[in-house]
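See structure below.
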Amino acid sequence: MAAVLAAVRARPDALRRPVWLAVNTEGRSSHGGSQRILDDLAVPAAGAVVAIGTDLAVSLGNRGRADVLVTATGSAHHSSQPGPNPYEPVADAVVALRGLPLPPPHPGLGAASVTPYRLTAHPVAPHTVPERVEAVVDVRLLPGWSPEDAVAAVRAHLAGADVAVTAGPAMLPAAVDPADPLVRALLTRRRRSPARRPPPSGAPTPTTRATAAPAASRPSCTGPAAGGSTPGSRPRSPSASPTARPRPASSRRRSPHSVGKEKFTVEPIFTTGELQRRAERARELMAEQGIDVLVVTGDFSAGLNYYYFSGHQPRDYQLNYSRPHVMVLPLHGEPFLYVYNVNERNAQDLSWVKDVVPYNPPFDGAGLAAELERRGYGSATIGAELGTDQRVAMSSLAYAALVSGLPHATFVDAGNLLWALRMVKSDEELEIIRQADRINGEIHKTAMSRLKPGDSEVDVAREYGVAMVEHGAVRPPYGQILIVSEAKSKALGHRSRMLGPLPEYTLGEGDLLFVDSGVVVEGYWGEFNRMGVVGDPSAEKVRHHDAIRTMIRRAIQEALLPGRTYQEIMNDLVGYAIELGYTREHMAQYVGPPFFHLCHGIGLTSSEPPFVRMDSTERLLPGMVLSVEAYIREIDVTFGSEEDVIITDDGCVMFSDPDPGLLRIGEKA
């Protein structure tokens with residue numbers, strides 16, 4: 001950044017005009033972010049320096065890219081019957097594009113090119129001619145040839161063919177005069193910079209691109225000058241991850257539709273590099289366990305393993321379990337998605353997997369079996385979500401049809417493989433979970449401050465639900481809200497924790513309120529409890545609540561270390577309780593069957609492995625995200641405290657704001 005600012009200063013007229021520093025998440029398949037910035041500034045840009053993960057390398061140009069969609073339609077019918085076949089005009093068009101006139105090569109950037117790279121059809125069914133076939137053509141652009149020019153050229157070249165030609169995502173070409181003062185200054189400042197580490201072996205070399213663009217031009221996305229690749233992502237470092245800044249709640253991905261006069265593009269939640277690393281780690285474990293193909297699923301209620309590997313969330317958490325989405329990851333070869341047809345385009349936009357096979361509902365399993373057979377996996381060992389804390393997101397009959405449709409395949413449990421991956425979180429996952437925790441902390445403070453004496457547990461649920469949406473937890477617009485007032489606790493005992501908010505129990509002077517809430521951000525949970533009190537609490541209540549907070553704090557500071565066994569950690573917890581004056585009977589739920597946990601994992605679900613319990617000798621690993629919770633029942637009330645932490649290389653770091661003690665109901669924290 002210092003080199004860039006020094007280069008800007010070197011322009012003779014630079015400091016007589018505004019200099020803007022803008023940040024966006026550009027980099028994959030469009031220049032929508034850069035264009036939006038320039039549109040919002042509403043000023044002509046005399047020049048720009050676009051930097052992305054640069055290592056201070058400099059590029060003076062790049063080819064652009066336009067995806068051109070060539071589509072033919074007919075009517076779906078059996079392949080034994082006559083009728084229009086949309087494959088034929090698309091095939092003719094693909095062949096005809098070999099003769100598309102192209103501009104002359106650029107001396108520095110090379111030649112323009114036309115490459116069909118994807119063919120999709122809908123519907124896909126045995127012996128069925130589809131009603132629509134679409135070819136996606138990659139047209140590489142040179143400066144002076146815009147995406148609109150490319151689409152017009154393809155449309156003119158295919159005039160008379162029975163196909164429609166439309167524009168897909170595009171990235172703009174750019175070329176800069178090496179003699180431009182800004183370029184010379186940038187190169188000079190780069191040479192004065194201290195030595196830098198080389199990029200990781202095998203990773204694409206990122207660049208800083210200097211542009212001296214005319215007012216109508218848009219800065220281009222960076223990458224190697226002729227290849228258009230995006231820079232590789234850095235490997236995850238658990239010890240460094242807690243310092244990552246969470247995305248603001250407003251950084252939602254934009255709709256692919258128009259809003260007013262503005263056009264927005266879909267931004268995937270995870271980078272391609274992140275998702276590909278997950279797939280490669282899965283393949284390493286598949287090879288160890290003798291699994292040829294991994295089949296993971298999700299549905300409209302939750303993406304889970306399908307979302308984890310594909311990056312595509314099927315829907316905004318509609319409670320509908322009848323629309324399975326499937327990703328198939330082979331040990332060797334390319335993965336594919338098998339999705340409800342309404343989601344075909346969304347899957348292509350949001351996932352790194354571009355081979356998307358749509359199906360018409362209802363899902364029955366037989367169609368997926370036929371697709372696996374067609375691709376040569378009929379005799380494979382197939383790993384499925386069959387084990388502990390896993391589920392196959394389809395009906396039992398659909399799964400039976402999948403298995404019976406592949407009589408020569410062997411289905412095995414891949415649960416241990418999946419948890420080995422999901423329990424250790426990446427930097428990108430940690431960023432989202434930390435954002436969810438921040439929101440949940442704000443929700444507790446906001447909702448507790450709005451409550452008042454006389455409110456019922458239903459009022460508590462209402463205030464928490466409103467606060468969730470207000471603070472940005474809008475996907476889904478509901479979450480985990482477990483409410484126990486002191487009145488209900490004394491009347492119903494431990495059973496009251498799972499009975500939901502009841503209107504007959506209200507908040508009176510001196511009463512305690514326990515709320516365990518959680519929210520979802522981009523599919524990932526943040527959840528922890530807090531306690532409040534009406535008016536001034538008794539000294540006894542403060543003592544018990546402070547004691548449980550002390551146990552949690554000491555566990556985080558002293559016990560939760562990588563490499564320690566879960567049993568060792570639980571013994572420490574019991575020791576803390578005894579030091580504070582409690583007995584082993586107080587800790588009975590932790591020391592005897594069925595062995596309640598001190599910690600549970602959080603991620604794509606609000607409670608998931610690992611579970612830190614007395615009967616386990618498993619060990620903590622760096623990268624695990626844990627919800628640390630402890631409870632003691634006294635004076636007919638359960639006192640509890642909970643924090644979310646990330647295990648690092650040398651300890652753990654809290655993601656939640658520390659429990660401040662009993663929150664005062666009706667008072668701002």
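Numbering starts fresh at 1 for the residues of each chain in the structure tokens, the chains themselves are lettered A, B, ... in the order given, and ligands are numbered from 1 as they appear.
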**OP:** May I have the residues within 7 Å of stretch 398-402 of chain A as JSON, numbers by chain, using only C-alpha atoms and disregarding those fewer than 2 positions away in the same chain?
**Re:** {"A": [364, 365, 366, 368, 369, 394, 395, 396, 404, 405, 406]}
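For A:Tyr590, the list of residues within 9 Å, based on only C-alpha atoms and with local chain neighbours fewer than 5 positions off taken out, reads Met570, Val574, Phe595, Phe596, His597, Leu598, Arg613 and Met614 of chain A.
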**OP:** Please identify all polymer residues within 9 Å of A:Asp546, counting only C-alpha atoms, omitting same-chain residues fewer than 5 positions from it, and present them as a PyMOL selection string.
**Re:** chain A and resi 541+551+661-662
For the selection you just gave me, I'd like the residues written to a file as a compact mmCIF listing (two decimals), in the first residue's frame, keeping N, CA and C atoms.
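Saved file out_33.txt follows:
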```txt
# COMPACT_ATOMS: atom_id res chain seq x y z
N LYS A 541 -27.46 -15.30 45.18
CA LYS A 541 -27.58 -15.49 43.73
C LYS A 541 -26.33 -14.98 43.01
N MET A 551 -15.65 -20.90 37.03
CA MET A 551 -15.33 -22.22 36.48
C MET A 551 -15.09 -22.14 34.97
N GLY A 661 -21.72 -11.05 34.09
CA GLY A 661 -22.46 -11.23 35.33
C GLY A 661 -23.94 -11.06 35.06
N LEU A 662 -24.74 -11.03 36.10
CA LEU A 662 -26.19 -10.93 35.93
C LEU A 662 -26.56 -9.60 35.27
```
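Minimum atom-to-atom distance to A:Val328, evaluated using only C-alpha atoms, belongs to A:Glu371 out of A:Glu558, A:Glu428, A:Glu371, A:Glu463.
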**OP:** Would you mind listing what lies within 9 Å of A:Arg283 as a list in words, with only C-alpha atoms counted and same-chain residues fewer than 5 positions away left out?
**Re:**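 In the requested form, the answer reads Arg278, Glu288, Ile291, Asp292, Leu294, Leu329, Pro330, Leu331 and His332 of chain A.
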Once you have the residues from the selection above, write them out as a short mmCIF file (atom, residue, chain, number, x, y, z; two decimals), in the first residue's frame, restricted to C-alpha atoms.
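And here is the file that came out, selection_32.cif:
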```
data_model
loop_
_atom_site.label_atom_id
_atom_site.label_comp_id
_atom_site.auth_asym_id
_atom_site.auth_seq_id
_atom_site.Cartn_x
_atom_site.Cartn_y
_atom_site.Cartn_z
CA ARG A 278 -11.82 -29.10 1.72
CA GLU A 288 -6.97 -43.96 3.56
CA ILE A 291 -13.76 -44.88 -0.36
CA ASP A 292 -14.09 -44.32 -4.12
CA LEU A 294 -18.23 -39.47 -1.32
CA LEU A 329 -17.00 -36.13 -4.88
CA PRO A 330 -15.00 -38.93 -6.53
CA LEU A 331 -11.54 -39.93 -5.36
CA HIS A 332 -10.36 -39.34 -8.94
#
```
**OP:** List the neighbours of stretch 452-462 of chain A out to 8 Å using only C-alpha atoms; skip same-chain residues closer than 2 positions along the sequence, and give me the result as a PyMOL selection string.
**Re:** chain A and resi 447+450+464-466+481+483-485+501-509+534+665-666
Quick one: write out the picked residues with N, CA, C and O atoms as a PDB file, in the first residue's frame?
```
ATOM      1  N   ALA A 447     -32.132  -7.328  24.180  1.00  0.00           N
ATOM      2  CA  ALA A 447     -33.394  -7.912  24.647  1.00  0.00           C
ATOM      3  C   ALA A 447     -33.558  -7.756  26.158  1.00  0.00           C
ATOM      4  O   ALA A 447     -34.647  -7.393  26.637  1.00  0.00           O
ATOM      5  N   ARG A 450     -34.744  -4.343  27.173  1.00  0.00           N
ATOM      6  CA  ARG A 450     -36.114  -3.971  26.788  1.00  0.00           C
ATOM      7  C   ARG A 450     -37.178  -4.645  27.653  1.00  0.00           C
ATOM      8  O   ARG A 450     -38.339  -4.240  27.628  1.00  0.00           O
ATOM      9  N   TYR A 464     -36.385 -11.225  22.125  1.00  0.00           N
ATOM     10  CA  TYR A 464     -35.197 -11.858  21.560  1.00  0.00           C
ATOM     11  C   TYR A 464     -35.348 -12.050  20.051  1.00  0.00           C
ATOM     12  O   TYR A 464     -34.393 -11.832  19.287  1.00  0.00           O
ATOM     13  N   GLY A 465     -36.517 -12.459  19.607  1.00  0.00           N
ATOM     14  CA  GLY A 465     -36.721 -12.634  18.170  1.00  0.00           C
ATOM     15  C   GLY A 465     -36.572 -11.342  17.392  1.00  0.00           C
ATOM     16  O   GLY A 465     -35.944 -11.309  16.328  1.00  0.00           O
ATOM     17  N   VAL A 466     -37.122 -10.251  17.942  1.00  0.00           N
ATOM     18  CA  VAL A 466     -36.988  -8.945  17.290  1.00  0.00           C
ATOM     19  C   VAL A 466     -35.525  -8.519  17.254  1.00  0.00           C
ATOM     20  O   VAL A 466     -35.014  -8.035  16.236  1.00  0.00           O
ATOM     21  N   ILE A 481     -33.795 -20.123  21.079  1.00  0.00           N
ATOM     22  CA  ILE A 481     -34.180 -19.286  22.225  1.00  0.00           C
ATOM     23  C   ILE A 481     -34.732 -20.212  23.306  1.00  0.00           C
ATOM     24  O   ILE A 481     -35.891 -20.606  23.266  1.00  0.00           O
ATOM     25  N   ILE A 483     -35.668 -20.463  27.173  1.00  0.00           N
ATOM     26  CA  ILE A 483     -36.005 -19.479  28.206  1.00  0.00           C
ATOM     27  C   ILE A 483     -36.455 -20.188  29.473  1.00  0.00           C
ATOM     28  O   ILE A 483     -37.335 -21.056  29.435  1.00  0.00           O
ATOM     29  N   VAL A 484     -35.838 -19.827  30.596  1.00  0.00           N
ATOM     30  CA  VAL A 484     -36.256 -20.357  31.901  1.00  0.00           C
ATOM     31  C   VAL A 484     -36.289 -19.204  32.893  1.00  0.00           C
ATOM     32  O   VAL A 484     -35.247 -18.645  33.245  1.00  0.00           O
ATOM     33  N   SER A 485     -37.494 -18.849  33.347  1.00  0.00           N
ATOM     34  CA  SER A 485     -37.618 -17.850  34.406  1.00  0.00           C
ATOM     35  C   SER A 485     -37.488 -18.551  35.756  1.00  0.00           C
ATOM     36  O   SER A 485     -37.677 -19.773  35.870  1.00  0.00           O
ATOM     37  N   PRO A 501     -41.124 -21.226  25.994  1.00  0.00           N
ATOM     38  CA  PRO A 501     -41.663 -20.086  26.744  1.00  0.00           C
ATOM     39  C   PRO A 501     -43.145 -20.277  27.057  1.00  0.00           C
ATOM     40  O   PRO A 501     -43.950 -20.563  26.162  1.00  0.00           O
ATOM     41  N   LEU A 502     -43.506 -20.125  28.322  1.00  0.00           N
ATOM     42  CA  LEU A 502     -44.891 -20.296  28.756  1.00  0.00           C
ATOM     43  C   LEU A 502     -45.430 -18.965  29.278  1.00  0.00           C
ATOM     44  O   LEU A 502     -44.764 -18.291  30.068  1.00  0.00           O
ATOM     45  N   PRO A 503     -46.642 -18.568  28.875  1.00  0.00           N
ATOM     46  CA  PRO A 503     -47.144 -17.235  29.238  1.00  0.00           C
ATOM     47  C   PRO A 503     -47.466 -17.074  30.710  1.00  0.00           C
ATOM     48  O   PRO A 503     -47.492 -15.957  31.222  1.00  0.00           O
ATOM     49  N   GLU A 504     -47.704 -18.189  31.439  1.00  0.00           N
ATOM     50  CA  GLU A 504     -48.109 -18.054  32.840  1.00  0.00           C
ATOM     51  C   GLU A 504     -46.955 -17.730  33.778  1.00  0.00           C
ATOM     52  O   GLU A 504     -47.190 -17.444  34.963  1.00  0.00           O
ATOM     53  N   TYR A 505     -45.733 -17.787  33.299  1.00  0.00           N
ATOM     54  CA  TYR A 505     -44.586 -17.486  34.159  1.00  0.00           C
ATOM     55  C   TYR A 505     -44.043 -16.103  33.818  1.00  0.00           C
ATOM     56  O   TYR A 505     -43.616 -15.850  32.691  1.00  0.00           O
ATOM     57  N   THR A 506     -44.091 -15.207  34.810  1.00  0.00           N
ATOM     58  CA  THR A 506     -43.723 -13.810  34.591  1.00  0.00           C
ATOM     59  C   THR A 506     -42.551 -13.422  35.478  1.00  0.00           C
ATOM     60  O   THR A 506     -42.178 -14.134  36.416  1.00  0.00           O
ATOM     61  N   LEU A 507     -41.968 -12.252  35.171  1.00  0.00           N
ATOM     62  CA  LEU A 507     -40.775 -11.769  35.863  1.00  0.00           C
ATOM     63  C   LEU A 507     -41.173 -10.866  37.022  1.00  0.00           C
ATOM     64  O   LEU A 507     -41.816  -9.833  36.826  1.00  0.00           O
ATOM     65  N   GLY A 508     -40.796 -11.267  38.250  1.00  0.00           N
ATOM     66  CA  GLY A 508     -41.067 -10.468  39.435  1.00  0.00           C
ATOM     67  C   GLY A 508     -39.790  -9.914  40.029  1.00  0.00           C
ATOM     68  O   GLY A 508     -38.676 -10.283  39.640  1.00  0.00           O
ATOM     69  N   GLU A 509     -39.925  -9.031  40.988  1.00  0.00           N
ATOM     70  CA  GLU A 509     -38.772  -8.388  41.613  1.00  0.00           C
ATOM     71  C   GLU A 509     -37.815  -9.438  42.184  1.00  0.00           C
ATOM     72  O   GLU A 509     -38.210 -10.340  42.917  1.00  0.00           O
ATOM     73  N   VAL A 534     -34.277  -9.192  37.708  1.00  0.00           N
ATOM     74  CA  VAL A 534     -35.141  -8.022  37.886  1.00  0.00           C
ATOM     75  C   VAL A 534     -34.755  -7.342  39.199  1.00  0.00           C
ATOM     76  O   VAL A 534     -34.831  -7.955  40.270  1.00  0.00           O
ATOM     77  N   ILE A 665     -32.354  -6.530  34.068  1.00  0.00           N
ATOM     78  CA  ILE A 665     -33.495  -6.465  33.165  1.00  0.00           C
ATOM     79  C   ILE A 665     -34.081  -5.057  33.188  1.00  0.00           C
ATOM     80  O   ILE A 665     -34.330  -4.478  34.251  1.00  0.00           O
ATOM     81  N   GLY A 666     -34.287  -4.495  32.000  1.00  0.00           N
ATOM     82  CA  GLY A 666     -34.827  -3.152  31.874  1.00  0.00           C
ATOM     83  C   GLY A 666     -33.787  -2.057  31.905  1.00  0.00           C
ATOM     84  O   GLY A 666     -34.127  -0.881  31.790  1.00  0.00           O
TER      85      GLY A 666
END
```
Original post:
So which residues touch A:Thr128 within 9 Å, counting only C-alpha atoms, skipping near sequence neighbours fewer than 4 positions away, as a list in words?
Top reply: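 Selected residues are Ala76, His77, His78, Ser79, Ser80, Pro123 and Val124 of chain A.
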Go ahead and write the selection's residues with N, CA and C atoms as a PDB file, in the first residue's frame.
```pdb
ATOM      1  N   ALA A  76     -39.530 -31.729 -24.132  1.00  0.00           N
ATOM      2  CA  ALA A  76     -39.031 -32.978 -23.582  1.00  0.00           C
ATOM      3  C   ALA A  76     -39.882 -34.144 -24.074  1.00  0.00           C
ATOM      4  N   HIS A  77     -39.229 -35.192 -24.595  1.00  0.00           N
ATOM      5  CA  HIS A  77     -39.953 -36.369 -25.071  1.00  0.00           C
ATOM      6  C   HIS A  77     -39.013 -37.562 -25.080  1.00  0.00           C
ATOM      7  N   HIS A  78     -39.590 -38.744 -25.183  1.00  0.00           N
ATOM      8  CA  HIS A  78     -38.786 -39.958 -25.168  1.00  0.00           C
ATOM      9  C   HIS A  78     -37.912 -40.010 -26.414  1.00  0.00           C
ATOM     10  N   SER A  79     -36.686 -40.508 -26.224  1.00  0.00           N
ATOM     11  CA  SER A  79     -35.744 -40.491 -27.337  1.00  0.00           C
ATOM     12  C   SER A  79     -36.126 -41.434 -28.474  1.00  0.00           C
ATOM     13  N   SER A  80     -37.089 -42.319 -28.255  1.00  0.00           N
ATOM     14  CA  SER A  80     -37.540 -43.199 -29.338  1.00  0.00           C
ATOM     15  C   SER A  80     -38.594 -42.548 -30.222  1.00  0.00           C
ATOM     16  N   PRO A 123     -34.780 -31.314 -18.913  1.00  0.00           N
ATOM     17  CA  PRO A 123     -34.373 -32.148 -17.783  1.00  0.00           C
ATOM     18  C   PRO A 123     -33.402 -33.232 -18.229  1.00  0.00           C
ATOM     19  N   VAL A 124     -32.708 -33.802 -17.240  1.00  0.00           N
ATOM     20  CA  VAL A 124     -31.838 -34.939 -17.509  1.00  0.00           C
ATOM     21  C   VAL A 124     -32.530 -36.189 -16.967  1.00  0.00           C
TER      22      VAL A 124
END
```
**OP:** May I have all residues of stretch 325-399 of chain A that DSSP, computed from the backbone, assigns to strand (DSSP E or B), given as a list in words?
**Re:**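 Put together, the selection reads His325, Val326, Met327, Val328, Leu329, Pro330, Phe336, Leu337, Tyr338, Val339, Tyr340, Val356, Val357, Pro358, Tyr359, Thr381, Ile382, Gly383 and Ala384 of chain A.
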Original post:
Using only C-alpha atoms, which residue out of A:Gly441, A:Gly99, A:Pro314, A:Gly575 lies closest to A:Glu344?
Top reply: A:Pro314
**OP:** Would you mind telling me which residue in A:Pro476, A:Gly33, A:Pro173, A:Gly510 lies nearest to A:Pro537 when using only C-alpha atoms?
**Re:** A:Gly510
**OP:** Tell me, as a PyMOL selection string, which residues lie within 6 Å of A:Asp138, counting only C-alpha atoms; anything in the same chain fewer than 2 positions away does not count.
**Re:** chain A and resi 67+114-116
Could you write those residues out with N, CA, C and O atoms, as an mmCIF file, in the first residue's frame?
```cif
data_model
loop_
_atom_site.group_PDB
_atom_site.id
_atom_site.type_symbol
_atom_site.label_atom_id
_atom_site.label_comp_id
_atom_site.auth_asym_id
_atom_site.auth_seq_id
_atom_site.Cartn_x
_atom_site.Cartn_y
_atom_site.Cartn_z
ATOM 1 N N ASP A 67 -18.564 -14.791 -20.851
ATOM 2 C CA ASP A 67 -19.301 -16.033 -21.036
ATOM 3 C C ASP A 67 -20.498 -15.727 -21.938
ATOM 4 O O ASP A 67 -21.331 -14.866 -21.606
ATOM 5 N N VAL A 114 -11.984 -18.390 -28.549
ATOM 6 C CA VAL A 114 -13.372 -18.806 -28.352
ATOM 7 C C VAL A 114 -13.351 -20.280 -27.970
ATOM 8 O O VAL A 114 -12.888 -21.110 -28.762
ATOM 9 N N THR A 115 -13.855 -20.614 -26.771
ATOM 10 C CA THR A 115 -13.780 -21.989 -26.286
ATOM 11 C C THR A 115 -15.095 -22.401 -25.629
ATOM 12 O O THR A 115 -15.416 -21.926 -24.534
ATOM 13 N N PRO A 116 -15.894 -23.268 -26.265
ATOM 14 C CA PRO A 116 -17.042 -23.853 -25.553
ATOM 15 C C PRO A 116 -16.530 -24.738 -24.416
ATOM 16 O O PRO A 116 -15.637 -25.569 -24.623
#
```
**OP:** Check the smallest atom-to-atom distance from each of A:Pro44, A:Pro407, A:Gly518, A:Pro130 to A:Arg438 using only C-alpha atoms, then report the winner.
**Re:**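 Of A:Pro44, A:Pro407, A:Gly518, A:Pro130, the one nearest A:Arg438, counting only C-alpha atoms, is A:Gly518.
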Subject >> Interatomic distance, atom CA of A:Tyr566 to atom CA of A:Met587 (Å, one decimal) >> reply: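 Between atom CA of A:Tyr566 and atom CA of A:Met587 the gap is 15.9 Å.
Atom CA of A:Glu522 sits 16.5 Å away from atom CA of A:Leu319.
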Original post:
For the atom pair atom CA of A:Arg584 and atom CA of A:Ile632, what is the interatomic distance in Å to one decimal place?
Top reply: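 Computing the Euclidean distance for atom CA of A:Arg584 and atom CA of A:Ile632 yields 11.1 Å.
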**OP:** Return as an MDAnalysis selection string the full set of residues in stretch 323-486 of chain A whose backbone-based DSSP assignment is helix (DSSP H, G or I).
**Re:** chainID A and resid 341:350 366:374 396:404 415:422 427:450 457:470 486
**OP:** May I ask which of the residues A:Pro126, A:Ala279, A:Ser607, A:Tyr524 is the closest one to A:Tyr359, counting only C-alpha atoms?
**Re:** A:Pro126
**OP:** Check the smallest atom-to-atom distance from each of A:Pro143, A:Gly601, A:Gly623, A:Pro86 to A:Ala164 using only C-alpha atoms, then report the winner.
**Re:**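 For A:Ala164, the nearest of the candidates is A:Pro86.
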